[in-house]
$ cat structure-v7.tsv   # TSV, C-alpha atoms
chain	number	residue	atom	x	y	z
A	11	MET	CA	0.00	0.00	0.00
A	12	PHE	CA	2.71	2.46	1.05
A	13	GLY	CA	5.67	0.84	-0.69
A	14	PRO	CA	9.16	2.18	-1.45
A	15	GLU	CA	7.77	4.51	-4.11
A	16	GLY	CA	5.27	5.98	-1.65
A	17	ILE	CA	8.11	6.60	0.80
A	18	LEU	CA	10.15	8.25	-1.99
A	19	ILE	CA	7.23	10.51	-2.96
A	20	ALA	CA	6.75	11.50	0.71
A	21	LEU	CA	10.48	12.24	0.96
A	22	ILE	CA	10.37	14.39	-2.19
A	23	VAL	CA	7.38	16.36	-0.87
A	24	LEU	CA	9.10	16.87	2.51
A	25	THR	CA	12.32	18.02	0.80
A	26	MET	CA	10.37	20.40	-1.43
A	27	ALA	CA	8.61	21.87	1.62
A	28	LEU	CA	11.91	22.39	3.46
A	29	ALA	CA	13.63	23.85	0.39
A	30	LEU	CA	10.67	26.19	-0.19
A	31	PHE	CA	10.87	27.31	3.45
A	32	LEU	CA	14.58	28.06	2.97
A	33	PHE	CA	13.76	29.96	-0.23
A	34	VAL	CA	11.29	32.16	1.60
A	35	ARG	CA	13.47	32.53	4.70
A	36	PRO	CA	17.11	31.86	3.86
A	37	PRO	CA	19.02	31.26	7.11
A	38	ALA	CA	21.24	33.90	8.62
A	39	THR	CA	24.89	32.82	8.69
A	40	ALA	CA	25.12	32.73	12.46
A	41	GLY	CA	22.63	30.10	13.70
A	42	ALA	CA	24.06	26.58	13.92
A	43	GLY	CA	20.58	25.01	14.00
A	44	GLU	CA	19.56	26.79	10.81
A	45	ARG	CA	22.79	25.71	9.13
A	46	ILE	CA	22.07	22.10	10.00
A	47	VAL	CA	18.52	22.38	8.61
A	48	ALA	CA	19.93	23.93	5.41
A	49	PHE	CA	22.52	21.14	5.13
A	50	ILE	CA	19.80	18.48	5.50
A	51	ALA	CA	17.32	20.21	3.20
A	52	LEU	CA	19.73	21.25	0.45
A	53	PHE	CA	22.26	18.43	0.50
A	54	ILE	CA	21.28	15.23	2.35
A	55	LEU	CA	17.60	14.98	1.34
A	56	PRO	CA	18.02	16.02	-2.34
A	57	ALA	CA	20.88	13.49	-2.68
A	58	LEU	CA	18.60	10.79	-1.19
A	59	CYS	CA	15.77	11.80	-3.55
A	60	LEU	CA	18.17	11.64	-6.49
A	61	GLY	CA	19.34	8.12	-5.61
A	62	GLY	CA	15.78	7.00	-4.89
A	63	GLY	CA	14.59	8.46	-8.21
A	64	PHE	CA	17.20	6.52	-10.21
A	65	SER	CA	16.32	3.34	-8.35
A	66	ALA	CA	12.54	3.84	-8.88
A	67	HIS	CA	13.02	4.51	-12.61
A	68	ILE	CA	15.19	1.41	-13.02
A	69	GLU	CA	12.47	-0.65	-11.29
A	70	HIS	CA	9.80	0.91	-13.57
A	71	SER	CA	11.79	0.01	-16.66
A	72	LYS	CA	11.66	-3.69	-15.72
A	73	GLU	CA	7.87	-3.73	-16.05
A	74	THR	CA	6.25	-5.38	-19.07
A	75	LYS	CA	3.93	-2.37	-19.52
A	76	SER	CA	7.01	-0.11	-19.68
A	77	CYS	CA	8.49	-2.14	-22.56
A	78	THR	CA	5.22	-2.35	-24.45
A	79	SER	CA	4.46	1.36	-24.01
A	80	CYS	CA	6.54	1.99	-27.16
A	81	HIS	CA	4.38	1.54	-30.26
A	82	ALA	CA	7.03	-0.60	-31.99
A	83	MET	CA	7.06	-3.06	-29.07
A	84	GLN	CA	3.28	-3.58	-28.94
A	85	PRO	CA	3.25	-6.63	-31.28
A	86	TYR	CA	5.86	-8.24	-29.02
A	87	GLY	CA	3.62	-7.62	-26.03
A	88	ARG	CA	0.70	-9.08	-27.99
A	89	SER	CA	2.74	-12.19	-28.80
A	90	LEU	CA	2.74	-13.04	-25.09
A	91	TYR	CA	-0.97	-13.89	-25.44
A	92	VAL	CA	-0.67	-16.30	-28.40
A	93	ASP	CA	-2.68	-19.43	-27.66
A	94	ASP	CA	0.03	-21.89	-28.73
A	95	PRO	CA	2.38	-23.65	-26.27
A	96	ASN	CA	5.14	-23.75	-28.93
A	97	TYR	CA	5.53	-19.98	-28.61
A	98	ILE	CA	8.27	-19.85	-26.00
A	99	PRO	CA	7.63	-16.32	-24.59
A	100	ALA	CA	3.84	-16.89	-24.55
A	101	ALA	CA	4.14	-20.24	-22.76
A	102	HIS	CA	6.45	-18.72	-20.13
A	103	PHE	CA	4.26	-15.65	-19.64
A	104	GLN	CA	0.89	-17.38	-19.51
A	105	ASN	CA	2.03	-20.15	-17.16
A	106	HIS	CA	3.85	-17.74	-14.83
A	107	ARG	CA	7.19	-19.51	-15.39
A	108	ILE	CA	8.47	-15.95	-15.25
A	109	PRO	CA	6.79	-13.11	-13.26
A	110	PRO	CA	4.30	-11.74	-15.85
A	111	GLU	CA	4.62	-8.14	-14.63
A	112	THR	CA	8.35	-8.17	-15.53
A	113	ALA	CA	8.17	-10.70	-18.36
A	114	CYS	CA	10.35	-8.87	-20.93
A	115	TYR	CA	13.07	-8.09	-18.42
A	116	GLN	CA	13.25	-11.72	-17.21
A	117	CYS	CA	14.44	-12.98	-20.60
A	118	HIS	CA	16.12	-9.84	-21.98
A	119	ALA	CA	18.51	-8.78	-19.26
A	120	ASP	CA	22.13	-9.72	-18.91
A	121	TYR	CA	22.33	-11.37	-15.55
A	122	THR	CA	25.57	-9.82	-14.48
A	123	PHE	CA	26.20	-7.47	-11.58
A	124	TYR	CA	25.66	-4.46	-13.86
A	125	GLY	CA	22.96	-6.13	-15.96
A	126	THR	CA	20.19	-3.74	-14.96
A	127	LEU	CA	22.34	-0.68	-15.59
A	128	LYS	CA	23.54	-2.07	-18.94
A	129	ASP	CA	19.93	-2.67	-19.94
A	130	LYS	CA	18.94	0.83	-18.86
A	131	PHE	CA	21.51	2.34	-21.21
A	132	ALA	CA	20.37	0.00	-23.99
A	133	GLY	CA	16.85	1.25	-23.24
A	134	LEU	CA	18.01	4.86	-23.74
A	135	GLU	CA	19.21	3.86	-27.20
A	136	ARG	CA	15.72	2.47	-27.88
A	137	VAL	CA	14.13	5.75	-26.74
A	138	TYR	CA	16.39	7.53	-29.27
A	139	ILE	CA	15.30	5.09	-32.01
A	140	GLN	CA	11.62	5.55	-31.10
A	141	TYR	CA	11.62	9.36	-31.05
A	142	VAL	CA	14.51	10.47	-33.27
A	143	SER	CA	15.65	7.99	-35.89
A	144	GLY	CA	12.38	6.03	-36.06
A	145	PRO	CA	12.00	2.26	-35.52
A	146	PRO	CA	12.97	-0.07	-38.39
A	147	LYS	CA	10.24	-2.03	-40.16
A	148	HIS	CA	11.67	-5.35	-38.99
A	149	ILE	CA	13.09	-5.27	-35.49
A	150	LYS	CA	16.10	-7.55	-35.12
A	151	PHE	CA	17.67	-8.76	-31.92
A	152	LYS	CA	20.91	-6.89	-31.35
A	153	GLY	CA	23.84	-9.25	-30.95
A	154	ARG	CA	23.20	-12.88	-30.01
A	155	TYR	CA	20.68	-14.25	-27.56
A	156	SER	CA	22.70	-15.85	-24.80
A	157	ASN	CA	21.70	-19.30	-23.54
A	158	GLY	CA	22.63	-18.02	-20.11
A	159	GLN	CA	19.28	-16.25	-19.98
A	160	CYS	CA	17.49	-19.61	-20.34
A	161	LEU	CA	19.91	-21.60	-18.20
A	162	ARG	CA	19.62	-19.13	-15.34
A	163	CYS	CA	16.32	-20.88	-14.48
A	164	HIS	CA	16.48	-24.16	-16.40
A	165	ALA	CA	19.96	-25.31	-15.38
A	166	GLY	CA	19.55	-27.76	-12.53
A	167	ALA	CA	15.81	-28.22	-13.14
A	168	ARG	CA	14.92	-31.92	-13.27
A	169	ASP	CA	12.95	-31.92	-16.55
A	170	PHE	CA	15.75	-30.00	-18.25
A	171	GLU	CA	18.66	-32.02	-16.89
A	172	GLU	CA	17.00	-35.46	-17.41
A	173	ASN	CA	16.04	-34.72	-21.01
A	174	PRO	CA	18.32	-36.98	-23.16
A	175	VAL	CA	18.68	-34.31	-25.89
A	176	HIS	CA	19.82	-31.72	-23.34
A	177	GLN	CA	22.19	-34.26	-21.76
A	178	ALA	CA	23.84	-34.96	-25.12
A	179	ILE	CA	24.55	-31.28	-25.87
A	180	ARG	CA	24.90	-29.94	-22.32
A	181	SER	CA	28.39	-28.44	-22.78
A	182	GLU	CA	27.47	-26.83	-26.13
A	183	LEU	CA	24.44	-25.24	-24.46
A	184	ALA	CA	26.46	-23.98	-21.51
A	185	SER	CA	29.05	-22.39	-23.80
A	186	SER	CA	26.34	-21.02	-26.18
A	187	GLN	CA	27.96	-22.91	-29.09
A	188	MET	CA	24.44	-24.16	-29.77
A	189	SER	CA	21.58	-21.74	-29.29
A	190	CYS	CA	18.44	-22.84	-27.45
A	191	ILE	CA	16.27	-20.73	-29.74
A	192	SER	CA	17.98	-20.72	-33.14
A	193	SER	CA	19.42	-24.20	-33.54
A	194	GLY	CA	16.13	-25.78	-34.56
A	195	CYS	CA	14.83	-26.86	-31.14
A	196	HIS	CA	12.85	-24.01	-29.52
A	197	ASP	CA	12.75	-21.69	-32.50
A	198	THR	CA	9.20	-20.33	-32.26
A	199	VAL	CA	9.81	-17.17	-30.29
A	200	HIS	CA	7.83	-13.91	-30.74
A	201	ASN	CA	7.28	-14.45	-34.48
A	202	VAL	CA	5.32	-11.18	-34.73
A	203	THR	CA	4.83	-11.31	-38.51
A	204	ALA	CA	2.42	-14.23	-38.04
A	205	LEU	CA	0.32	-12.67	-35.26
A	206	ASP	CA	-2.62	-11.76	-37.51
A	207	HIS	CA	-3.27	-15.43	-38.25
A	208	LEU	CA	-3.11	-16.74	-34.70
A	209	LYS	CA	-5.53	-17.44	-31.87
A	210	PHE	CA	-5.05	-15.49	-28.66
A	211	TRP	CA	-5.53	-16.42	-25.03
A	212	ARG	CA	-7.82	-14.13	-23.02
A	213	PRO	CA	-6.97	-14.21	-19.32
A	214	ALA	CA	-9.95	-14.47	-16.96
A	215	GLN	CA	-10.51	-11.14	-15.23
B	2	MET	CA	23.87	43.39	6.26
B	3	ARG	CA	27.38	42.16	5.54
B	4	LEU	CA	28.22	41.39	1.92
B	5	VAL	CA	29.07	37.77	2.71
B	6	GLU	CA	25.65	37.17	4.31
B	7	PHE	CA	23.90	38.84	1.40
B	8	GLY	CA	25.84	36.72	-1.10
B	9	MET	CA	25.26	33.53	0.85
B	10	GLN	CA	21.54	34.20	1.13
B	11	ARG	CA	21.30	34.76	-2.61
B	12	LEU	CA	23.12	31.48	-3.27
B	13	LEU	CA	20.89	29.64	-0.77
B	14	ARG	CA	17.79	31.07	-2.43
B	15	ALA	CA	19.02	30.08	-5.88
B	16	SER	CA	19.94	26.61	-4.59
B	17	SER	CA	16.50	26.13	-2.92
B	18	ALA	CA	14.61	27.28	-6.02
B	19	ILE	CA	16.59	25.00	-8.36
B	20	ILE	CA	16.23	22.01	-6.01
B	21	VAL	CA	12.44	22.58	-5.69
B	22	LEU	CA	12.15	22.73	-9.49
B	23	GLY	CA	14.29	19.59	-9.92
B	24	LEU	CA	12.24	17.71	-7.31
B	25	ALA	CA	8.97	18.79	-8.94
B	26	ILE	CA	10.25	17.36	-12.23
B	27	GLU	CA	11.33	14.15	-10.46
B	28	LEU	CA	7.84	13.85	-8.93
B	29	LEU	CA	6.23	14.39	-12.33
B	30	SER	CA	8.50	11.79	-13.95
B	31	LEU	CA	7.59	9.23	-11.27
B	32	LEU	CA	3.87	9.73	-11.81
B	33	TRP	CA	4.07	9.83	-15.64
B	34	PHE	CA	4.27	6.30	-17.06
B	35	HIS	CA	5.95	6.89	-20.39
B	36	PRO	CA	9.25	5.87	-22.03
B	37	LEU	CA	10.36	9.51	-21.88
B	38	SER	CA	9.82	9.83	-18.13
B	39	PHE	CA	13.31	8.47	-17.35
B	40	VAL	CA	14.84	10.85	-19.89
B	41	LEU	CA	12.95	13.76	-18.28
B	42	PHE	CA	14.18	12.69	-14.84
B	43	ALA	CA	17.81	12.03	-15.83
B	44	VAL	CA	18.35	14.95	-18.21
B	45	VAL	CA	16.29	17.69	-16.55
B	46	GLY	CA	15.33	16.69	-12.98
B	47	ALA	CA	18.60	15.10	-11.86
B	48	ALA	CA	20.64	17.84	-13.53
B	49	LEU	CA	18.68	20.56	-11.69
B	50	ILE	CA	18.92	18.78	-8.33
B	51	GLY	CA	22.67	18.26	-8.86
B	52	LEU	CA	23.12	21.91	-9.82
B	53	GLY	CA	21.14	23.02	-6.74
B	54	ILE	CA	23.35	20.88	-4.49
B	55	LEU	CA	26.49	22.32	-6.11
B	56	ILE	CA	25.24	25.89	-5.60
B	57	TYR	CA	24.54	25.07	-1.95
B	58	LEU	CA	28.07	23.69	-1.55
B	59	ALA	CA	29.40	26.84	-3.27
B	60	SER	CA	27.46	28.94	-0.75
B	61	LEU	CA	29.28	27.10	2.06
B	62	ALA	CA	32.62	27.89	0.44
B	63	PHE	CA	31.43	31.51	-0.01
B	64	ALA	CA	30.62	31.75	3.68
B	65	GLY	CA	34.16	30.67	4.54
B	66	THR	CA	35.09	30.52	8.20
B	67	PRO	CA	32.16	30.79	10.63
B	68	ALA	CA	31.87	34.29	12.08
B	69	ALA	CA	32.43	32.98	15.63
B	70	ALA	CA	35.80	31.46	14.65
B	71	ARG	CA	37.08	34.67	13.06
B	72	PRO	CA	39.22	37.11	15.07
B	73	ALA	CA	37.16	40.00	16.44
B	74	GLY	CA	36.54	42.80	13.97
B	75	LYS	CA	37.55	40.72	10.91
B	76	THR	CA	35.11	39.73	8.23
B	77	ASN	CA	35.71	38.08	4.87
B	78	SER	CA	33.64	40.69	3.02
$ encode --input "structure-v7.tsv" --output "structure tokens"
Amino acid sequence: MFGPEGILIALIVLTMALALFLFVRPPATAGAGERIVAFIALFILPALCLGGGFSAHIEHSKETKSCTSCHAMQPYGRSLYVDDPNYIPAAHFQNHRIPPETACYQCHADYTFYGTLKDKFAGLERVYIQYVSGPPKHIKFKGRYSNGQCLRCHAGARDFEENPVHQAIRSELASSQMSCISSGCHDTVHNVTALDHLKFWRPAQ
Amino acid sequence: MRLVEFGMQRLLRASSAIIVLGLAIELLSLLWFHPLSFVLFAVVGAALIGLGILIYLASLAFAGTPAAARPAGKTNS
């Protein structure tokens, strides 16, 4: 109800009130108490609000609705509702194998220490493409999809490890020599060009 | 009013006003769910808050030694 974002908003409002007070009545140089209030209101609290703001925006950018708020990404969001278990993102999203509210981020983030930050900067590039250069007609995945993003959850899972096909190519999968999604095994991913001919799942409200 | 106090008050006022503006933009960016909200926060809001903090720190440097610590009769104006 009153989560971290509520606390941040309350902190921003408090800081604004204190800074406004100092604008109307700037402290005289002599009073130590007033100097401490000024230090808190014009240094400590704004720095906290700044850090909190960056953190809140990074959390926002992980949300599925944030990714699909760009027009060019809407077909990819729609593909999560395809009524076909062969569609890998749809099957993961609909069966809650990944948290649906952060579905895009779960499979499209580099799971390193700086993964979130790296993705945020990649996101800025996408904002530039959306508003300045314009999105291309066919959106292509930049670079190569790492198996690590699949293995992060599947490695160690019984049905994955006991599958004879996976056992035979385990080292190639771990080193990404063979791709999970483009080596002919799980190759039906978003496939947005076919969306107009597919049936969609409607979640119960 | 001594010149140093006048200068410091002006810097504090400028710092407060810029921080309030930066925070208002941060608040707006948090409530606006749009791909540009982060850009608004990072490019405008954060820059204003950072500038306000720097002006405040400059005002501290401007104030120099606290009046009580200065020898009697000496000011830095």
$ residues_near_point --input "structure-v7.tsv" --point "(6.5, -2.1, -15.5)" --cutoff "12 Å" --atoms "all atoms listed in the file" --output "JSON, numbers by chain"
{"A": [66, 67, 68, 69, 70, 71, 72, 73, 74, 75, 76, 77, 78, 79, 109, 110, 111, 112, 113, 114, 115, 116], "B": [34, 35, 36]}
$ closest_atom_pairs --input "structure-v7.tsv" --of "chain A" --to "chain B" --cutoff "7 Å" --atoms "all atoms listed in the file" --output "Markdown table"
| residue | atom | partner | partner_atom | distance |
| --- | --- | --- | --- | --- |
| A:Ile19 | CA | B:Leu28 | CA | 6.9 |
| A:Ile22 | CA | B:Leu24 | CA | 6.4 |
| A:Met26 | CA | B:Val21 | CA | 5.2 |
| A:Ala29 | CA | B:Ser17 | CA | 4.9 |
| A:Leu30 | CA | B:Ser17 | CA | 6.4 |
| A:Leu32 | CA | B:Ser17 | CA | 6.5 |
| A:Phe33 | CA | B:Arg14 | CA | 4.7 |
| A:Pro36 | CA | B:Gln10 | CA | 5.7 |
| A:Ala38 | CA | B:Glu6 | CA | 7.0 |
| A:Thr39 | CA | B:Glu6 | CA | 6.2 |
| A:Ala40 | CA | B:Ala68 | CA | 6.9 |
| A:Leu52 | CA | B:Ile54 | CA | 6.1 |
| A:Phe53 | CA | B:Ile54 | CA | 5.7 |
| A:Pro56 | CA | B:Ile50 | CA | 6.7 |
| A:Leu60 | CA | B:Ala47 | CA | 6.4 |
| A:Gly63 | CA | B:Glu27 | CA | 6.9 |
| A:His67 | CA | B:Phe39 | CA | 6.2 |
| A:Ser76 | CA | B:Pro36 | CA | 6.8 |
| A:Ser79 | CA | B:His35 | CA | 6.8 |
| A:Cys80 | CA | B:Pro36 | CA | 7.0 |
| A:Val137 | CA | B:Pro36 | CA | 6.8 |
$ atom_distance --input "structure-v7.tsv" --atom1 "atom CA of Asp120 of chain A" --atom2 "atom CA of Ile108 of chain A"
15.5 Å
$ atom_distance --input "structure-v7.tsv" --atom1 "atom CA of Pro95 of chain A" --atom2 "atom CA of Thr198 of chain A"
9.7 Å
$ atom_distance --input "structure-v7.tsv" --atom1 "atom CA of Gly16 of chain A" --atom2 "atom CA of Ile26 of chain B"
16.3 Å
$ closest_residue --input "structure-v7.tsv" --among "A:Arg88, A:Arg45, A:His81, A:Arg154" --to "Leu205 of chain A" --atoms "only C-alpha atoms"
A:Arg88
$ residues_around --input "structure-v7.tsv" --residues "Ser193 of chain A" --least-positions-apart "4" --cutoff "12 Å" --atoms "all atoms listed in the file" --output "list in words"
Tyr155, Asn157, Ile179, Glu182, Leu183, Ser186, Gln187, Met188, Ser189, Asp197 and Thr198 of chain A
$ residues_around --input "structure-v7.tsv" --residues "Val92 of chain A" --least-positions-apart "3" --cutoff "6 Å" --atoms "all atoms listed in the file" --output "PyMOL selection string"
chain A and resi 89+100+210-211
